[in-house]
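Trainee: The structure follows.
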Amino acid sequence: MSGAQKYIERDLDCTDTQIEILVGILNLYSLVGSAAAGRTSDWIGRRYTIVLAGAIFFVGAILMGFATNYAFLMVGRFVAGIGVGYALMIAPVYTAEVSPASARGFLTSFPEVFINAGILLGYVSNYAFSKLPLHLGWRLMLGVGAIPSIFLALGVLGMPESPRWLVMQGRLGDAKKVLDKTSDSLEESKLRLADIKEAAGIPEDCNDDVVQVSKRSHGEGIWKELLIHPTPTVRHILLAAVGIHFFQQASGIDAVVLYSPRIFEKAGIVKDTPQLLATIAVGFVKTVFILVATFFLDKIGRRPLLLASVGGMIASLTILGFALTIIDHSDDKISWAIALCFIGILSYVAFFSIGMGPITWVYSSEIFPLRLRAQGCSMGVAMNRVVSGTIGMTFISLYKAISIGGAFFVFAGVAAVGFVFFYTLYPETRGKNLEEVEKVFGTFFRWRSRQAELDRQKEAAAAEK
């Protein structure tokens with residue numbers, strides 16, 4: 001949509017306000033998908049929920065590609081948005097539940113890796129189709145998204161179902177087969193099964209292939225436990241999950257991803273082709289650095305990467321705001337300020353991709369207890385999409401009101417608040433199994449002493465063995 005919006009504006013004769021609504025509304029529409037995805041995935045399973053998301057994507061892309069006017073285009077955005085909501089919720093949950101602890105961070109950051117690969121391909125297709133006649137180019141830019149959705153739906157059919165979902169349905173035999181395939185050793189497979197059975201309330205000595213499970217495993221009573229009567233642990237987890245999603249989007253990433261050509265235009269790059277090429281550079285840097293992050297998530301840990309990432313984002317946004325303000329207040333073309341804008345944007349997306357991008361999804365999918373995971377993650381995604389949609393739908397109005405440099409100073413301020421929030425409230429989760437992670441939460445600002453106490457208990461238990 002970042003490249004297509006210029007051509008849609010010309011072809012359908014849209015106003016700036018119509019364009020920012022068209023761009024940002026997808027994220028608000030996706031709330032419908034993410035709200036439904038938690039219950040759907042508890043009902044039909046994680047795997048078939050992904051197939052459903054692929055089917056919805058396909059229909060949405062086709063509708064957008066064949067849109068004849070603004071209203072028709074909005075219908076396509078609505079359908080595609082529901083698919084986005086489903087996919088954003090279910091992909092990290094499925095991956096976290098299938099992965100062994102040793103590779104969970106690496107594998108759970110894959111959705112973010114491929115979102116970025118998709119953004120890069122979108123930028124490349126914008127450039128490739130920009131040479132076509134006006135009425136055809138933007139329709140192909142949007143319609144070509146139908147192709148990957150077919151591969152997604154078919155590919156998932158060859159994958160195993162989530163062992164945690166199988167246990168919640170009482171299918172212990174099937175869960176054991178999946179765990180044997182997806183664990184580093186048979187010993188780990190047994191431990192994972194025991195942990196999941198304990199979390200699902202199934203006695204440890206129960207080894208039948210199929211068992212009766214209490215009805216609550218199908219999703220009943222969960223919202224009450226999350227929102228109306230949360231324990232201190234659940235409250236801390238919910239604050240951490242919703243908070244990280246809020247700050248990921250409120251620090252302005254979607255303004256850069258969706259409006260790169262406009263930002264470059266404000267920075268003094270006025271022709272279409274150089275704008276689209278500069279935007280491809282943004283997509284390339286974002287994708288490369290997210291790949292770097294996946295290798296460090298399980299080595300360095302979530303917390304150090306997150307804090308380093310946010311610190312770099314604050315510096316980059318400040319530089320970008322400064323450079324854009326100078327260009328805005330000058331009548332001449334200032335080459336060093338244009339270069340500084342370009343460097344500011346590239347360093348911002350690099351720092352975002354090395355921590356804030358992938359860790360948001362990894363962290364929020366691994367901190368919820370099993371029974372609350374699908375609905376808890378869908379609340380995080382809902383916050384993510386509301387803030388993302390708000391930024392997408394107001395960015396043009398915001399920079400017209402306070403200048404484009406001012407808009408990036410606002411994002412830098414939000415990121416600075418985020419840094420303090422993460423530093424004080426977020427325990428490390430690397431290397432812990434999903435059931436251990438739960439125990440560190442509940443003490444809010446005092447989580448460090450709780451972590452030290454748990455480490456002492458672990459050492460004492462190891463010494464006894």
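Chain labels run A, B, ... following the order of the structure tokens; each chain numbers its residues from 1, and ligands are numbered from 1 in the order shown.
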Excluding range 397-400 of chain A and residues on its chain fewer than 2 positions from it, collect all residues at most 12 Å away from it, counting only C-alpha atoms, and give them as a ChimeraX atom specification.
Mentor: /A:15-21,252,255,259,262-263,266,321,324-325,328,390-395,402-411
Trainee: Using only N, CA, C and O atoms, please write the residues we just selected to a file, as a short mmCIF file (atom, residue, chain, number, x, y, z; two decimals), in the first residue's frame.
Mentor:
data_model
loop_
_atom_site.label_atom_id
_atom_site.label_comp_id
_atom_site.auth_asym_id
_atom_site.auth_seq_id
_atom_site.Cartn_x
_atom_site.Cartn_y
_atom_site.Cartn_z
N THR A 15 -8.75 12.14 -1.84
CA THR A 15 -8.12 13.19 -1.01
C THR A 15 -7.08 12.54 -0.08
O THR A 15 -7.08 11.31 0.09
N ASP A 16 -6.22 13.35 0.55
CA ASP A 16 -5.25 12.85 1.53
C ASP A 16 -5.94 12.11 2.68
O ASP A 16 -5.47 11.09 3.14
N THR A 17 -7.07 12.66 3.13
CA THR A 17 -7.80 12.03 4.24
C THR A 17 -8.31 10.65 3.84
O THR A 17 -8.18 9.68 4.60
N GLN A 18 -8.85 10.53 2.62
CA GLN A 18 -9.32 9.21 2.15
C GLN A 18 -8.16 8.22 2.08
O GLN A 18 -8.31 7.05 2.44
N ILE A 19 -6.99 8.71 1.64
CA ILE A 19 -5.82 7.82 1.52
C ILE A 19 -5.35 7.35 2.89
O ILE A 19 -5.10 6.15 3.08
N GLU A 20 -5.26 8.26 3.87
CA GLU A 20 -4.75 7.80 5.18
C GLU A 20 -5.75 6.85 5.85
O GLU A 20 -5.35 5.92 6.55
N ILE A 21 -7.05 7.05 5.58
CA ILE A 21 -8.05 6.11 6.12
C ILE A 21 -7.89 4.74 5.44
O ILE A 21 -7.87 3.70 6.09
N GLY A 252 6.09 4.58 16.16
CA GLY A 252 6.05 5.11 14.79
C GLY A 252 6.48 4.22 13.65
O GLY A 252 6.64 4.70 12.53
N ALA A 255 4.35 4.43 10.50
CA ALA A 255 4.47 5.69 9.76
C ALA A 255 5.59 5.57 8.73
O ALA A 255 5.46 6.02 7.58
N TYR A 259 4.46 5.06 4.89
CA TYR A 259 4.56 6.38 4.25
C TYR A 259 5.99 6.74 3.83
O TYR A 259 6.29 7.92 3.67
N ARG A 262 6.39 9.27 0.99
CA ARG A 262 6.04 10.64 1.39
C ARG A 262 7.14 11.27 2.26
O ARG A 262 7.42 12.46 2.14
N ILE A 263 7.72 10.45 3.15
CA ILE A 263 8.79 10.98 4.01
C ILE A 263 9.99 11.37 3.14
O ILE A 263 10.59 12.44 3.33
N LYS A 266 9.26 14.60 1.46
CA LYS A 266 9.46 15.72 2.39
C LYS A 266 10.96 16.00 2.59
O LYS A 266 11.36 17.13 2.86
N GLY A 321 14.01 13.51 13.16
CA GLY A 321 13.21 14.71 13.45
C GLY A 321 14.01 15.98 13.22
O GLY A 321 13.53 16.96 12.62
N LEU A 324 14.69 16.49 9.33
CA LEU A 324 13.47 16.90 8.62
C LEU A 324 13.07 18.33 8.97
O LEU A 324 12.55 19.07 8.14
N THR A 325 13.30 18.72 10.23
CA THR A 325 12.98 20.09 10.65
C THR A 325 13.87 21.10 9.91
O THR A 325 13.39 22.14 9.45
N ASP A 328 12.67 21.35 6.35
CA ASP A 328 11.38 22.06 6.35
C ASP A 328 11.55 23.58 6.42
O ASP A 328 10.76 24.32 5.86
N THR A 390 -4.35 3.61 14.23
CA THR A 390 -4.43 5.03 14.60
C THR A 390 -3.27 5.82 13.98
O THR A 390 -3.47 6.90 13.42
N ILE A 391 -2.06 5.25 14.06
CA ILE A 391 -0.88 5.93 13.46
C ILE A 391 -1.08 6.03 11.94
O ILE A 391 -0.88 7.09 11.34
N GLY A 392 -1.50 4.91 11.32
CA GLY A 392 -1.68 4.90 9.86
C GLY A 392 -2.73 5.89 9.38
O GLY A 392 -2.58 6.53 8.34
N MET A 393 -3.80 6.03 10.18
CA MET A 393 -4.93 6.88 9.76
C MET A 393 -4.76 8.35 10.13
O MET A 393 -5.57 9.18 9.74
N THR A 394 -3.72 8.65 10.93
CA THR A 394 -3.57 10.06 11.36
C THR A 394 -2.22 10.67 10.99
O THR A 394 -2.01 11.86 11.23
N PHE A 395 -1.30 9.88 10.42
CA PHE A 395 0.06 10.40 10.21
C PHE A 395 0.10 11.63 9.30
O PHE A 395 0.78 12.61 9.59
N ILE A 402 1.77 19.49 13.02
CA ILE A 402 2.93 19.87 13.86
C ILE A 402 4.25 19.79 13.11
O ILE A 402 5.31 19.83 13.73
N SER A 403 4.22 19.61 11.79
CA SER A 403 5.40 19.45 10.91
C SER A 403 5.89 18.01 10.96
O SER A 403 5.70 17.31 11.96
N ILE A 404 6.56 17.59 9.90
CA ILE A 404 7.00 16.19 9.82
C ILE A 404 8.12 15.90 10.82
O ILE A 404 8.18 14.84 11.43
N GLY A 405 8.99 16.90 11.05
CA GLY A 405 10.04 16.73 12.07
C GLY A 405 9.41 16.57 13.45
O GLY A 405 9.81 15.70 14.24
N GLY A 406 8.40 17.40 13.74
CA GLY A 406 7.70 17.33 15.03
C GLY A 406 7.08 15.97 15.27
O GLY A 406 7.12 15.43 16.39
N ALA A 407 6.52 15.37 14.19
CA ALA A 407 5.89 14.04 14.32
C ALA A 407 6.92 13.01 14.79
O ALA A 407 6.64 12.18 15.67
N PHE A 408 8.15 13.08 14.25
CA PHE A 408 9.17 12.10 14.66
C PHE A 408 9.73 12.39 16.05
O PHE A 408 10.14 11.47 16.76
N PHE A 409 9.71 13.66 16.48
CA PHE A 409 10.09 13.97 17.87
C PHE A 409 9.06 13.37 18.84
O PHE A 409 9.42 12.88 19.91
N VAL A 410 7.78 13.38 18.45
CA VAL A 410 6.73 12.76 19.28
C VAL A 410 7.00 11.25 19.41
O VAL A 410 6.96 10.68 20.51
N PHE A 411 7.32 10.60 18.28
CA PHE A 411 7.61 9.15 18.31
C PHE A 411 8.83 8.86 19.20
O PHE A 411 8.85 7.87 19.92
#
Trainee: Which residues are near range 176-191 of chain A? Cut-off 12 Å, only C-alpha atoms, ignore same chain within fewer than 3 positions. Put them as a PyMOL selection string.
Mentor: chain A and resi 95-104+159-167+170-173+194-198+204+207-210+433-435
Trainee: Can you tell me which residues surround range 442-454 of chain A at a distance of at most 8 Å, considering only C-alpha atoms, apart from same-chain residues fewer than 4 positions away, and format the answer as a ChimeraX atom specification?
Mentor: /A:231-237,424-427,458
Trainee: So that each row is one residue of range 60-103 of chain A with an atom at most 12 Å from range 112-129 of chain A, can you give its shortest atom pair and the distance in Å to one decimal, using only C-alpha atoms, rows by chain and rising number, as a Markdown table?
Mentor:
| residue | atom | partner | partner_atom | distance |
| --- | --- | --- | --- | --- |
| A:Val84 | CA | A:Ile115 | CA | 10.7 |
| A:Ala87 | CA | A:Ile115 | CA | 10.5 |
| A:Leu88 | CA | A:Glu112 | CA | 9.3 |
| A:Met89 | CA | A:Glu112 | CA | 12.0 |
| A:Ala91 | CA | A:Glu112 | CA | 9.7 |
| A:Pro92 | CA | A:Glu112 | CA | 9.0 |
| A:Thr95 | CA | A:Glu112 | CA | 11.8 |
Trainee: Only N, CA and C atoms, please: the residues just picked out, written as a PDB file, in the first residue's frame.
Mentor:
ATOM      1  N   VAL A  84      -5.477 -10.614   8.185  1.00  0.00           N
ATOM      2  CA  VAL A  84      -4.292 -10.121   8.903  1.00  0.00           C
ATOM      3  C   VAL A  84      -4.456 -10.361  10.406  1.00  0.00           C
ATOM      4  N   ALA A  87      -3.973 -14.072  11.187  1.00  0.00           N
ATOM      5  CA  ALA A  87      -2.588 -14.519  11.023  1.00  0.00           C
ATOM      6  C   ALA A  87      -1.679 -13.972  12.122  1.00  0.00           C
ATOM      7  N   LEU A  88      -1.862 -12.688  12.466  1.00  0.00           N
ATOM      8  CA  LEU A  88      -1.003 -12.079  13.479  1.00  0.00           C
ATOM      9  C   LEU A  88      -1.180 -12.750  14.833  1.00  0.00           C
ATOM     10  N   MET A  89      -2.374 -13.225  15.121  1.00  0.00           N
ATOM     11  CA  MET A  89      -2.630 -13.851  16.409  1.00  0.00           C
ATOM     12  C   MET A  89      -2.132 -15.293  16.424  1.00  0.00           C
ATOM     13  N   ALA A  91      -0.093 -17.172  14.240  1.00  0.00           N
ATOM     14  CA  ALA A  91       1.270 -17.609  13.860  1.00  0.00           C
ATOM     15  C   ALA A  91       2.223 -17.683  15.069  1.00  0.00           C
ATOM     16  N   PRO A  92       2.323 -16.632  15.914  1.00  0.00           N
ATOM     17  CA  PRO A  92       3.244 -16.742  17.060  1.00  0.00           C
ATOM     18  C   PRO A  92       2.792 -17.795  18.078  1.00  0.00           C
ATOM     19  N   THR A  95       3.641 -21.285  16.664  1.00  0.00           N
ATOM     20  CA  THR A  95       5.095 -21.528  16.646  1.00  0.00           C
ATOM     21  C   THR A  95       5.624 -21.740  18.061  1.00  0.00           C
TER      22      THR A  95
END
Trainee: What does the structure give for the distance between CA of Arg385 in chain A and CA of Leu28 in chain A, in Å to one decimal?
Mentor: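 The value is 6.0 Å.
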Trainee: So which residues touch Val437 in chain A within 9 Å, counting only C-alpha atoms, skipping near sequence neighbours fewer than 4 positions away, as an MDAnalysis selection string?
Mentor: chainID A and resid 366:369 427:430 432:433 441
Trainee: Report, in Å to a single decimal, how far apart CA of Ser30 in chain A and CA of Gly45 in chain A are.
Mentor: 19.8 Å
Trainee: Pick the closest to Cys341 in chain A from A:Ala462, A:Val282, A:Leu307, A:Val387: which is it, counting only C-alpha atoms?
Mentor: A:Val282
Trainee: Residues at most 9 Å from range 133-136 of chain A, counting only C-alpha atoms, excluding those fewer than 5 positions away in the same chain, as a PyMOL selection string?
Mentor: chain A and resi 7-8+10-12+141
Trainee: Got time to write the residues from that selection, all heavy atoms, as an mmCIF file, in the first residue's frame?
Mentor:
data_model
loop_
_atom_site.group_PDB
_atom_site.id
_atom_site.type_symbol
_atom_site.label_atom_id
_atom_site.label_comp_id
_atom_site.auth_asym_id
_atom_site.auth_seq_id
_atom_site.Cartn_x
_atom_site.Cartn_y
_atom_site.Cartn_z
ATOM 1 N N TYR A 7 -0.623 6.073 -6.661
ATOM 2 C CA TYR A 7 -1.311 5.815 -7.936
ATOM 3 C C TYR A 7 -2.827 5.733 -7.740
ATOM 4 O O TYR A 7 -3.592 6.126 -8.617
ATOM 5 C CB TYR A 7 -0.744 4.538 -8.569
ATOM 6 C CG TYR A 7 0.760 4.644 -8.755
ATOM 7 C CD1 TYR A 7 1.642 3.954 -7.929
ATOM 8 C CD2 TYR A 7 1.296 5.484 -9.740
ATOM 9 C CE1 TYR A 7 3.017 4.081 -8.075
ATOM 10 C CE2 TYR A 7 2.670 5.610 -9.893
ATOM 11 C CZ TYR A 7 3.524 4.915 -9.056
ATOM 12 O OH TYR A 7 4.883 5.069 -9.206
ATOM 13 N N ILE A 8 -3.252 5.208 -6.574
ATOM 14 C CA ILE A 8 -4.690 5.169 -6.255
ATOM 15 C C ILE A 8 -5.218 6.608 -6.160
ATOM 16 O O ILE A 8 -6.291 6.929 -6.676
ATOM 17 C CB ILE A 8 -4.939 4.408 -4.920
ATOM 18 C CG1 ILE A 8 -4.593 2.930 -5.076
ATOM 19 C CG2 ILE A 8 -6.385 4.567 -4.461
ATOM 20 C CD1 ILE A 8 -4.552 2.139 -3.779
ATOM 21 N N ARG A 10 -4.124 9.228 -7.658
ATOM 22 C CA ARG A 10 -4.238 9.828 -8.997
ATOM 23 C C ARG A 10 -5.385 9.206 -9.793
ATOM 24 O O ARG A 10 -6.147 9.901 -10.456
ATOM 25 C CB ARG A 10 -2.921 9.635 -9.772
ATOM 26 C CG ARG A 10 -1.772 10.489 -9.229
ATOM 27 C CD ARG A 10 -0.461 10.118 -9.919
ATOM 28 N NE ARG A 10 0.694 10.485 -9.104
ATOM 29 C CZ ARG A 10 1.911 10.009 -9.300
ATOM 30 N NH1 ARG A 10 2.150 9.148 -10.273
ATOM 31 N NH2 ARG A 10 2.914 10.393 -8.528
ATOM 32 N N ASP A 11 -5.500 7.858 -9.712
ATOM 33 C CA ASP A 11 -6.474 7.158 -10.562
ATOM 34 C C ASP A 11 -7.914 7.359 -10.082
ATOM 35 O O ASP A 11 -8.826 7.584 -10.882
ATOM 36 C CB ASP A 11 -6.133 5.659 -10.598
ATOM 37 C CG ASP A 11 -6.931 4.902 -11.657
ATOM 38 O OD1 ASP A 11 -7.309 5.527 -12.666
ATOM 39 O OD2 ASP A 11 -7.177 3.698 -11.469
ATOM 40 N N LEU A 12 -8.126 7.264 -8.767
ATOM 41 C CA LEU A 12 -9.489 7.355 -8.228
ATOM 42 C C LEU A 12 -9.799 8.758 -7.698
ATOM 43 O O LEU A 12 -10.865 8.984 -7.128
ATOM 44 C CB LEU A 12 -9.700 6.316 -7.113
ATOM 45 C CG LEU A 12 -9.489 4.842 -7.488
ATOM 46 C CD1 LEU A 12 -9.783 3.940 -6.301
ATOM 47 C CD2 LEU A 12 -10.361 4.433 -8.676
ATOM 48 N N MET A 141 -0.324 -4.362 -7.854
ATOM 49 C CA MET A 141 0.426 -4.237 -6.598
ATOM 50 C C MET A 141 -0.361 -4.861 -5.439
ATOM 51 O O MET A 141 0.208 -5.504 -4.549
ATOM 52 C CB MET A 141 0.691 -2.757 -6.264
ATOM 53 C CG MET A 141 1.688 -2.065 -7.173
ATOM 54 S SD MET A 141 1.788 -0.289 -6.751
ATOM 55 C CE MET A 141 2.660 0.355 -8.196
#
Trainee: Can you work out the spacing between CA of Arg192 in chain A and CA of Arg371 in chain A in Å, to one decimal?
Mentor: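 Between CA of Arg192 in chain A and CA of Arg371 in chain A the gap is 15.4 Å.
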